[in-house]
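Text of data.cif (mmCIF, C-alpha atoms) as supplied:
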```cif
data_structure
#
loop_
_atom_site.group_PDB
_atom_site.id
_atom_site.type_symbol
_atom_site.label_atom_id
_atom_site.label_comp_id
_atom_site.auth_asym_id
_atom_site.auth_seq_id
_atom_site.Cartn_x
_atom_site.Cartn_y
_atom_site.Cartn_z
ATOM 1 C CA MET A 16 -7.005 34.033 15.702
ATOM 2 C CA LYS A 17 -7.413 32.285 19.052
ATOM 3 C CA TYR A 18 -8.320 29.005 17.332
ATOM 4 C CA ILE A 19 -5.481 29.283 14.822
ATOM 5 C CA VAL A 20 -2.917 29.708 17.602
ATOM 6 C CA SER A 21 -4.504 26.895 19.629
ATOM 7 C CA ALA A 22 -4.368 24.473 16.706
ATOM 8 C CA PHE A 23 -0.855 25.629 15.879
ATOM 9 C CA PHE A 24 0.416 24.741 19.342
ATOM 10 C CA VAL A 25 -1.651 21.578 19.590
ATOM 11 C CA LEU A 26 -0.204 20.198 16.355
ATOM 12 C CA LEU A 27 2.969 22.236 16.174
ATOM 13 C CA PHE A 28 4.254 24.159 12.902
ATOM 14 C CA ILE A 29 5.996 24.853 8.390
ATOM 15 C CA GLY A 30 6.119 26.686 4.724
ATOM 16 C CA CYS A 31 8.860 26.894 2.046
ATOM 17 C CA LYS A 32 11.179 24.182 0.758
ATOM 18 C CA SER A 33 14.871 23.748 1.545
ATOM 19 C CA LYS A 34 17.160 22.659 -1.285
ATOM 20 C CA GLN A 35 19.555 20.739 0.954
ATOM 21 C CA MET A 36 18.541 17.079 1.073
ATOM 22 C CA VAL A 37 19.916 13.810 2.410
ATOM 23 C CA ALA A 38 19.967 10.861 0.011
ATOM 24 C CA THR A 39 17.481 8.145 0.914
ATOM 25 C CA ALA A 40 16.970 4.562 -0.251
ATOM 26 C CA ALA A 41 14.038 2.272 -0.917
ATOM 27 C CA ALA A 42 13.286 -0.710 1.292
ATOM 28 C CA SER A 43 13.671 -3.940 -0.647
ATOM 29 C CA ASP A 44 13.373 -6.821 1.818
ATOM 30 C CA ALA A 45 11.731 -7.773 5.102
ATOM 31 C CA THR A 46 14.409 -6.323 7.384
ATOM 32 C CA GLU A 47 14.040 -7.344 11.026
ATOM 33 C CA VAL A 48 12.111 -4.996 13.293
ATOM 34 C CA SER A 49 15.092 -4.614 15.630
ATOM 35 C CA LYS A 50 17.356 -3.467 12.774
ATOM 36 C CA ILE A 51 14.871 -0.769 11.744
ATOM 37 C CA ILE A 52 14.424 0.492 15.305
ATOM 38 C CA ASN A 53 18.125 0.393 16.177
ATOM 39 C CA GLY A 54 18.996 2.094 12.886
ATOM 40 C CA HIS A 55 16.519 4.893 13.566
ATOM 41 C CA TYR A 56 17.875 5.538 17.060
ATOM 42 C CA ALA A 57 21.494 5.301 15.901
ATOM 43 C CA ASN A 58 21.138 8.709 14.237
ATOM 44 C CA GLU A 59 22.937 11.374 16.261
ATOM 45 C CA THR A 60 20.913 13.609 18.619
ATOM 46 C CA ASP A 61 23.707 14.934 20.848
ATOM 47 C CA PHE A 62 23.206 18.670 21.398
ATOM 48 C CA LYS A 63 22.593 21.135 24.220
ATOM 49 C CA THR A 64 20.495 23.717 22.392
ATOM 50 C CA LEU A 65 18.868 23.988 18.979
ATOM 51 C CA ASN A 66 17.727 27.245 17.383
ATOM 52 C CA ILE A 67 15.275 26.931 14.459
ATOM 53 C CA LYS A 68 13.884 29.660 12.243
ATOM 54 C CA ALA A 69 10.895 28.420 10.303
ATOM 55 C CA ASN A 70 8.127 29.431 7.945
ATOM 56 C CA ALA A 71 4.677 28.019 8.571
ATOM 57 C CA LYS A 72 1.344 27.804 6.819
ATOM 58 C CA TYR A 73 -1.908 27.047 8.624
ATOM 59 C CA GLU A 74 -5.050 26.009 6.735
ATOM 60 C CA ASP A 75 -8.471 24.730 7.736
ATOM 61 C CA ASP A 76 -11.832 24.540 5.998
ATOM 62 C CA LYS A 77 -12.432 28.278 6.394
ATOM 63 C CA GLN A 78 -9.100 30.079 6.339
ATOM 64 C CA SER A 79 -5.405 30.058 5.507
ATOM 65 C CA HIS A 80 -2.561 32.024 7.125
ATOM 66 C CA SER A 81 1.203 32.271 6.657
ATOM 67 C CA LEU A 82 3.317 32.573 9.790
ATOM 68 C CA ASN A 83 6.927 32.683 10.916
ATOM 69 C CA ALA A 84 8.236 30.876 13.988
ATOM 70 C CA ASP A 85 11.389 31.029 16.080
ATOM 71 C CA ILE A 86 11.769 27.691 17.863
ATOM 72 C CA ARG A 87 14.374 27.244 20.582
ATOM 73 C CA ILE A 88 15.002 23.896 22.235
ATOM 74 C CA LYS A 89 17.055 23.298 25.361
ATOM 75 C CA LYS A 90 17.362 19.554 25.120
ATOM 76 C CA ASN A 91 15.008 17.687 27.455
ATOM 77 C CA GLU A 92 14.158 20.889 29.343
ATOM 78 C CA ILE A 93 12.534 23.681 27.316
ATOM 79 C CA ILE A 94 10.781 24.254 24.002
ATOM 80 C CA TRP A 95 10.242 27.999 23.433
ATOM 81 C CA ILE A 96 8.295 29.283 20.445
ATOM 82 C CA ASN A 97 7.731 32.815 19.171
ATOM 83 C CA ILE A 98 5.192 33.225 16.352
ATOM 84 C CA LYS A 99 5.060 36.212 14.016
ATOM 85 C CA MET A 100 2.585 37.271 11.366
ATOM 86 C CA ILE A 101 3.680 39.821 8.730
ATOM 87 C CA GLY A 102 6.774 40.416 10.889
ATOM 88 C CA PHE A 103 4.852 41.235 14.078
ATOM 89 C CA PRO A 104 4.906 38.983 17.169
ATOM 90 C CA VAL A 105 1.455 37.504 17.775
ATOM 91 C CA ALA A 106 2.042 34.642 20.225
ATOM 92 C CA LYS A 107 4.551 32.858 22.434
ATOM 93 C CA ALA A 108 4.656 29.352 23.876
ATOM 94 C CA LEU A 109 6.716 27.665 26.577
ATOM 95 C CA ILE A 110 6.727 23.878 26.906
ATOM 96 C CA THR A 111 8.550 22.070 29.717
ATOM 97 C CA PRO A 112 8.346 18.468 30.968
ATOM 98 C CA THR A 113 5.567 19.520 33.365
ATOM 99 C CA LYS A 114 3.726 22.394 31.647
ATOM 100 C CA VAL A 115 2.271 23.612 28.354
ATOM 101 C CA SER A 116 1.701 27.373 28.214
ATOM 102 C CA TYR A 117 1.082 29.975 25.538
ATOM 103 C CA TYR A 118 -0.404 33.439 25.120
ATOM 104 C CA GLU A 119 -1.604 35.329 22.066
ATOM 105 C CA LYS A 120 -1.771 39.075 21.594
ATOM 106 C CA ILE A 121 -4.739 39.600 19.281
ATOM 107 C CA ASN A 122 -7.386 38.513 21.803
ATOM 108 C CA ASN A 123 -5.190 39.010 24.913
ATOM 109 C CA THR A 124 -5.705 35.431 26.095
ATOM 110 C CA TYR A 125 -3.491 32.689 27.483
ATOM 111 C CA PHE A 126 -3.534 28.984 28.264
ATOM 112 C CA GLU A 127 -1.652 27.110 30.980
ATOM 113 C CA GLY A 128 -1.929 23.413 31.665
ATOM 114 C CA ASP A 129 -0.247 20.052 31.372
ATOM 115 C CA PHE A 130 -0.091 17.672 28.401
ATOM 116 C CA THR A 131 -3.671 16.479 28.889
ATOM 117 C CA MET A 132 -5.038 19.010 26.398
ATOM 118 C CA LEU A 133 -2.549 18.011 23.707
ATOM 119 C CA SER A 134 -3.075 14.315 24.393
ATOM 120 C CA ASN A 135 -6.868 14.544 24.239
ATOM 121 C CA TRP A 136 -6.798 16.566 21.038
ATOM 122 C CA LEU A 137 -4.468 14.185 19.218
ATOM 123 C CA GLY A 138 -5.882 10.973 20.656
ATOM 124 C CA THR A 139 -2.530 9.736 21.957
ATOM 125 C CA ASP A 140 -0.607 10.264 25.174
ATOM 126 C CA LEU A 141 1.926 13.047 24.763
ATOM 127 C CA ASP A 142 4.777 14.260 26.914
ATOM 128 C CA PHE A 143 7.719 16.612 26.505
ATOM 129 C CA THR A 144 9.938 14.014 24.855
ATOM 130 C CA LYS A 145 7.336 13.199 22.203
ATOM 131 C CA VAL A 146 6.844 16.867 21.305
ATOM 132 C CA GLN A 147 10.614 17.348 21.160
ATOM 133 C CA ASN A 148 10.902 14.293 18.905
ATOM 134 C CA LEU A 149 8.360 15.821 16.521
ATOM 135 C CA PHE A 150 10.702 18.746 15.836
ATOM 136 C CA LEU A 151 13.738 16.458 15.508
ATOM 137 C CA GLY A 152 12.180 14.038 13.020
ATOM 138 C CA LYS A 153 12.152 11.201 15.535
ATOM 139 C CA ALA A 154 9.300 8.769 16.077
ATOM 140 C CA ILE A 155 6.815 10.145 18.592
ATOM 141 C CA ASP A 156 6.528 6.797 20.372
ATOM 142 C CA ASP A 157 9.339 4.885 22.056
ATOM 143 C CA LEU A 158 9.754 2.127 19.484
ATOM 144 C CA SER A 159 11.772 -0.012 21.882
ATOM 145 C CA LYS A 160 8.566 -0.708 23.820
ATOM 146 C CA GLY A 161 5.797 -3.017 22.657
ATOM 147 C CA LYS A 162 5.574 -5.428 19.744
ATOM 148 C CA TRP A 163 5.715 -4.158 16.162
ATOM 149 C CA ILE A 164 4.844 -5.739 12.833
ATOM 150 C CA SER A 165 7.200 -4.981 9.919
ATOM 151 C CA GLU A 166 6.348 -4.870 6.226
ATOM 152 C CA ILE A 167 7.357 -2.981 3.089
ATOM 153 C CA ASN A 168 4.906 -0.331 1.928
ATOM 154 C CA GLU A 169 5.557 2.043 -0.978
ATOM 155 C CA LYS A 170 9.285 1.203 -0.814
ATOM 156 C CA LEU A 171 9.441 2.171 2.865
ATOM 157 C CA PHE A 172 9.802 0.058 5.994
ATOM 158 C CA LYS A 173 6.510 0.186 7.865
ATOM 159 C CA LEU A 174 6.182 -0.617 11.561
ATOM 160 C CA SER A 175 2.624 -1.093 12.816
ATOM 161 C CA LYS A 176 1.006 -1.580 16.173
ATOM 162 C CA THR A 177 -2.666 -1.778 17.101
ATOM 163 C CA SER A 178 -3.404 -1.031 20.731
ATOM 164 C CA THR A 179 -6.356 -2.254 22.787
ATOM 165 C CA ALA A 180 -7.468 1.351 23.261
ATOM 166 C CA ASP A 181 -8.930 1.728 19.754
ATOM 167 C CA ILE A 182 -5.757 3.453 18.538
ATOM 168 C CA SER A 183 -3.534 2.197 15.723
ATOM 169 C CA LYS A 184 -0.081 3.593 14.963
ATOM 170 C CA ASP A 185 2.104 3.272 11.861
ATOM 171 C CA PHE A 186 5.674 4.483 11.320
ATOM 172 C CA TYR A 187 7.400 4.581 7.909
ATOM 173 C CA PHE A 188 11.207 4.678 7.398
ATOM 174 C CA GLU A 189 13.520 4.930 4.400
ATOM 175 C CA ALA A 190 16.305 2.357 4.100
ATOM 176 C CA ALA A 191 19.564 4.353 3.885
ATOM 177 C CA ASN A 192 19.604 5.862 7.386
ATOM 178 C CA PHE A 193 16.237 4.693 8.718
ATOM 179 C CA LEU A 194 14.989 8.272 8.748
ATOM 180 C CA LEU A 195 11.323 8.695 9.636
ATOM 181 C CA LYS A 196 9.254 9.620 6.586
ATOM 182 C CA LYS A 197 5.723 9.402 7.989
ATOM 183 C CA GLU A 198 3.812 8.496 11.132
ATOM 184 C CA THR A 199 0.054 8.086 11.495
ATOM 185 C CA ILE A 200 -2.153 7.762 14.555
ATOM 186 C CA THR A 201 -5.745 6.646 14.002
ATOM 187 C CA GLN A 202 -8.568 6.454 16.541
ATOM 188 C CA ALA A 203 -11.462 4.771 14.756
ATOM 189 C CA SER A 204 -14.140 5.319 17.416
ATOM 190 C CA GLN A 205 -13.610 9.090 17.274
ATOM 191 C CA ASN A 206 -13.062 9.189 13.507
ATOM 192 C CA ARG A 207 -9.760 10.886 14.306
ATOM 193 C CA VAL A 208 -6.594 10.725 12.196
ATOM 194 C CA LEU A 209 -3.241 12.448 12.670
ATOM 195 C CA GLU A 210 -0.580 12.206 9.953
ATOM 196 C CA ILE A 211 2.904 13.708 10.178
ATOM 197 C CA GLN A 212 5.186 13.573 7.129
ATOM 198 C CA TYR A 213 8.894 14.400 6.749
ATOM 199 C CA PRO A 214 9.461 14.739 2.970
ATOM 200 C CA SER A 215 13.202 15.460 3.203
ATOM 201 C CA TYR A 216 16.102 15.922 5.616
ATOM 202 C CA LYS A 217 19.372 17.821 5.790
ATOM 203 C CA GLU A 218 22.542 16.938 7.671
ATOM 204 C CA VAL A 219 23.781 19.605 10.087
ATOM 205 C CA GLU A 220 26.810 18.967 12.289
ATOM 206 C CA ARG A 221 26.394 15.186 11.862
ATOM 207 C CA MET A 222 22.721 15.365 12.791
ATOM 208 C CA PHE A 223 19.815 14.705 10.460
ATOM 209 C CA LEU A 224 17.112 17.353 10.772
ATOM 210 C CA PRO A 225 13.890 17.716 8.795
ATOM 211 C CA ASN A 226 13.746 20.277 6.018
ATOM 212 C CA GLU A 227 9.990 20.332 6.409
ATOM 213 C CA ILE A 228 7.146 18.845 8.403
ATOM 214 C CA ASN A 229 3.673 18.352 6.955
ATOM 215 C CA ILE A 230 0.932 17.779 9.519
ATOM 216 C CA LYS A 231 -2.662 16.839 8.785
ATOM 217 C CA ALA A 232 -5.319 16.294 11.425
ATOM 218 C CA ALA A 233 -8.921 15.295 10.870
ATOM 219 C CA GLN A 234 -11.771 14.824 13.260
ATOM 220 C CA LYS A 235 -14.775 17.157 13.036
ATOM 221 C CA ASP A 236 -12.640 19.610 11.084
ATOM 222 C CA LYS A 237 -9.620 19.182 8.846
ATOM 223 C CA ILE A 238 -6.464 21.132 9.650
ATOM 224 C CA ALA A 239 -3.172 21.258 7.737
ATOM 225 C CA ILE A 240 0.064 22.771 9.027
ATOM 226 C CA ASP A 241 3.203 22.929 6.895
ATOM 227 C CA ILE A 242 6.496 23.901 8.574
ATOM 228 C CA ALA A 243 9.780 24.588 6.744
ATOM 229 C CA TYR A 244 13.077 25.023 8.569
ATOM 230 C CA LYS A 245 14.859 28.047 7.062
ATOM 231 C CA ASN A 246 17.893 28.004 9.346
ATOM 232 C CA THR A 247 19.129 25.812 12.202
ATOM 233 C CA THR A 248 22.058 26.283 14.594
ATOM 234 C CA PHE A 249 23.305 24.239 17.538
ATOM 235 C CA ASN A 250 24.728 24.883 21.000
ATOM 236 C CA GLU A 251 24.326 28.652 21.167
ATOM 237 C CA ASP A 252 23.582 30.544 24.378
ATOM 238 C CA LEU A 253 19.850 31.156 23.985
ATOM 239 C CA SER A 254 17.330 33.110 26.022
ATOM 240 C CA TYR A 255 13.851 31.798 26.779
ATOM 241 C CA SER A 256 12.100 34.924 28.023
ATOM 242 C CA TYR A 257 8.429 34.301 28.713
ATOM 243 C CA ALA A 258 5.961 36.299 30.790
ATOM 244 C CA ILE A 259 2.188 36.316 30.389
ATOM 245 C CA PRO A 260 0.867 39.912 30.638
ATOM 246 C CA SER A 261 -1.145 40.423 33.832
ATOM 247 C CA ASP A 262 -4.264 41.676 32.029
ATOM 248 C CA TYR A 263 -4.604 38.633 29.723
ATOM 249 C CA LYS A 264 -7.589 36.300 30.203
ATOM 250 C CA ALA A 265 -7.190 32.566 30.775
ATOM 251 C CA ILE A 266 -8.967 30.231 28.348
ATOM 252 C CA GLN A 267 -9.920 26.560 28.445
ATOM 253 C CA ILE A 268 -9.325 24.221 25.506
ATOM 254 C CA ASP A 269 -11.510 21.145 25.236
#
```
Rewrite the structure of this file - the entire thing - as structure tokens.
Amino acid sequence: MKYIVSAFFVLLFIGCKSKQMVATAAASDATEVSKIINGHYANETDFKTLNIKANAKYEDDKQSHSLNADIRIKKNEIIWINIKMIGFPVAKALITPTKVSYYEKINNTYFEGDFTMLSNWLGTDLDFTKVQNLFLGKAIDDLSKGKWISEINEKLFKLSKTSTADISKDFYFEAANFLLKKETITQASQNRVLEIQYPSYKEVERMFLPNEINIKAAQKDKIAIDIAYKNTTFNEDLSYSYAIPSDYKAIQID
């Protein structure tokens, strides 16, 4: 269970399908890079808090588990996650701009650190904003920085960038609202690939949110995490209670 929870928080969460979908459109011409980027960031993200109830499924080469997750976001400050299995709480996580922390109840262990662990595992620098963007269906990277190459791929706008650090990144957008459909990060020297897909979106209070997130990671092992948003609400007064029990044992994650 320790490794399931670790992978779950490293990659971050999914399960059943939502029927509410936003209409999308196919890319049909070589739209300028700036129009794609500006269109993506034009989508509304003005909120104070976001409360998400989600189903999740974790699968690797040896096992498969269904989970439930309560995800609470205080914009730009806190991401709080409570994971349940068969209705019973099994783990909690607290992510802030300076710290990543979680504990799990089956083995009575906890982890506390910065974003180095997440960054090393995924092969790309991560921070609070990037993790928050993952839940919001926004591009992990700041697309306004660096030079991007635009092309049409499978009726989607594709932005690509190859860095000098052996890492290539691709972002795919539909044409109606420039919603992110897929992003991939590849590190060839480590034979490492991360793919995050957003099959569909819903519109809630003028904001586009994912219905589901499909995450696949491959290095030595292959891991798949599917997250489905069952219910989302904005701007409620939320609590973020989090206390690691005193008898839990600290662990290190390579």
Next on the checklist: If the PyMOL selection byres ((chain A and resi 69-84) around 6) were run on this exact file, what residues would it hold? Put them as a list in words.
Outcome noted: Phe28, Ile29, Gly30, Lys68, Asp85, Asn97, Ile98, Lys99, Met100, Lys237, Ile238, Ala239, Ile240, Asp241, Ile242, Ala243, Tyr244 and Lys245 of chain A
Item to check | Residues in the PyMOL selection byres ((chain A and resi 195-212) around 7), expressed as JSON, numbers by chain | outcome: {"A": [137, 138, 152, 153, 154, 181, 182, 183, 184, 185, 186, 187, 188, 189, 193, 194, 213, 214, 228, 229, 230, 231, 232, 233, 234]}
Next on the checklist: Just to confirm, what's the straight-line distance from CA of Asn246 (chain A) to CA of Lys217 (chain A) in Å (one decimal)?
Outcome noted: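 CA of Asn246 (chain A) sits 10.9 Å away from CA of Lys217 (chain A).
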Next on the checklist: My list of candidates is A:Leu151, A:Leu171, A:Ala258, A:Leu109. Which is closest to Thr60 (chain A) when distances are computed with all atoms listed in the file?
Outcome noted: A:Leu151
Checklist outcome for this item: Residue with the minimum atom-to-atom distance to Ser256 (chain A), picked from A:Ile93, A:Pro225, A:Thr46, A:Gly54 with all atoms listed in the file counted, is A:Ile93
Checklist entry - What gap, in Å, lies between CA of Leu158 (chain A) and CA of Ile52 (chain A)? => result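 About the pair CA of Leu158 (chain A) and CA of Ile52 (chain A): they are 6.5 Å apart.
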In file coordinates, which residues lie within 12 Å of (7.4, -2.2, 3.5) using only C-alpha atoms, given as a short mmCIF file (atom, residue, chain, number, x, y, z; two decimals) with C-alpha atoms, in the coordinates of the input?
```cif
data_model
loop_
_atom_site.label_atom_id
_atom_site.label_comp_id
_atom_site.auth_asym_id
_atom_site.auth_seq_id
_atom_site.Cartn_x
_atom_site.Cartn_y
_atom_site.Cartn_z
CA ALA A 41 14.04 2.27 -0.92
CA ALA A 42 13.29 -0.71 1.29
CA SER A 43 13.67 -3.94 -0.65
CA ASP A 44 13.37 -6.82 1.82
CA ALA A 45 11.73 -7.77 5.10
CA THR A 46 14.41 -6.32 7.38
CA GLU A 47 14.04 -7.34 11.03
CA VAL A 48 12.11 -5.00 13.29
CA ILE A 51 14.87 -0.77 11.74
CA ILE A 164 4.84 -5.74 12.83
CA SER A 165 7.20 -4.98 9.92
CA GLU A 166 6.35 -4.87 6.23
CA ILE A 167 7.36 -2.98 3.09
CA ASN A 168 4.91 -0.33 1.93
CA GLU A 169 5.56 2.04 -0.98
CA LYS A 170 9.28 1.20 -0.81
CA LEU A 171 9.44 2.17 2.86
CA PHE A 172 9.80 0.06 5.99
CA LYS A 173 6.51 0.19 7.86
CA LEU A 174 6.18 -0.62 11.56
CA SER A 175 2.62 -1.09 12.82
CA ASP A 185 2.10 3.27 11.86
CA PHE A 186 5.67 4.48 11.32
CA TYR A 187 7.40 4.58 7.91
CA PHE A 188 11.21 4.68 7.40
CA GLU A 189 13.52 4.93 4.40
CA ALA A 190 16.30 2.36 4.10
#
```
Item to check | Distance of CA of Lys63 (chain A) from CA of Tyr118 (chain A), expressed in Å to one decimal place | outcome: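 Result for CA of Tyr118 (chain A) versus CA of Lys63 (chain A): 26.1 Å, one decimal.
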Checklist entry - Given the choices A:Ser159, A:Thr64, A:Thr113, A:Asn58, which gets closest to Met222 (chain A) if the distance is worked out from all atoms listed in the file? => result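 Of A:Ser159, A:Thr64, A:Thr113, A:Asn58, the one nearest Met222 (chain A) is A:Asn58, counting all atoms listed in the file.
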Next on the checklist: Which residues would end up in the selection if the PyMOL selection byres ((chain A and resi 65) around 8) were applied here, given that I need the answer as an MDAnalysis selection string?
Outcome noted: chainID A and resid 62:64 66:67 87:90 247:251
Item to check | For Val115 (chain A), the nearest of the candidates A:Leu224, A:Ile86, A:Ala265, A:Met132, counting all atoms listed in the file | outcome: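 For Val115 (chain A), the nearest of the candidates is A:Met132.
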Checklist outcome for this item: Judged by all atoms listed in the file, the minimum distance to Tyr263 (chain A) among A:Glu127, A:Asp61, A:Glu92, A:Glu119 is found for A:Glu119
Checklist entry - Which one of A:Thr111, A:Ala191, A:Glu227, A:Ile101 sits closest to Leu149 (chain A) if you count only C-alpha atoms? => result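 Using only C-alpha atoms, Leu149 (chain A) sits closest to A:Glu227.
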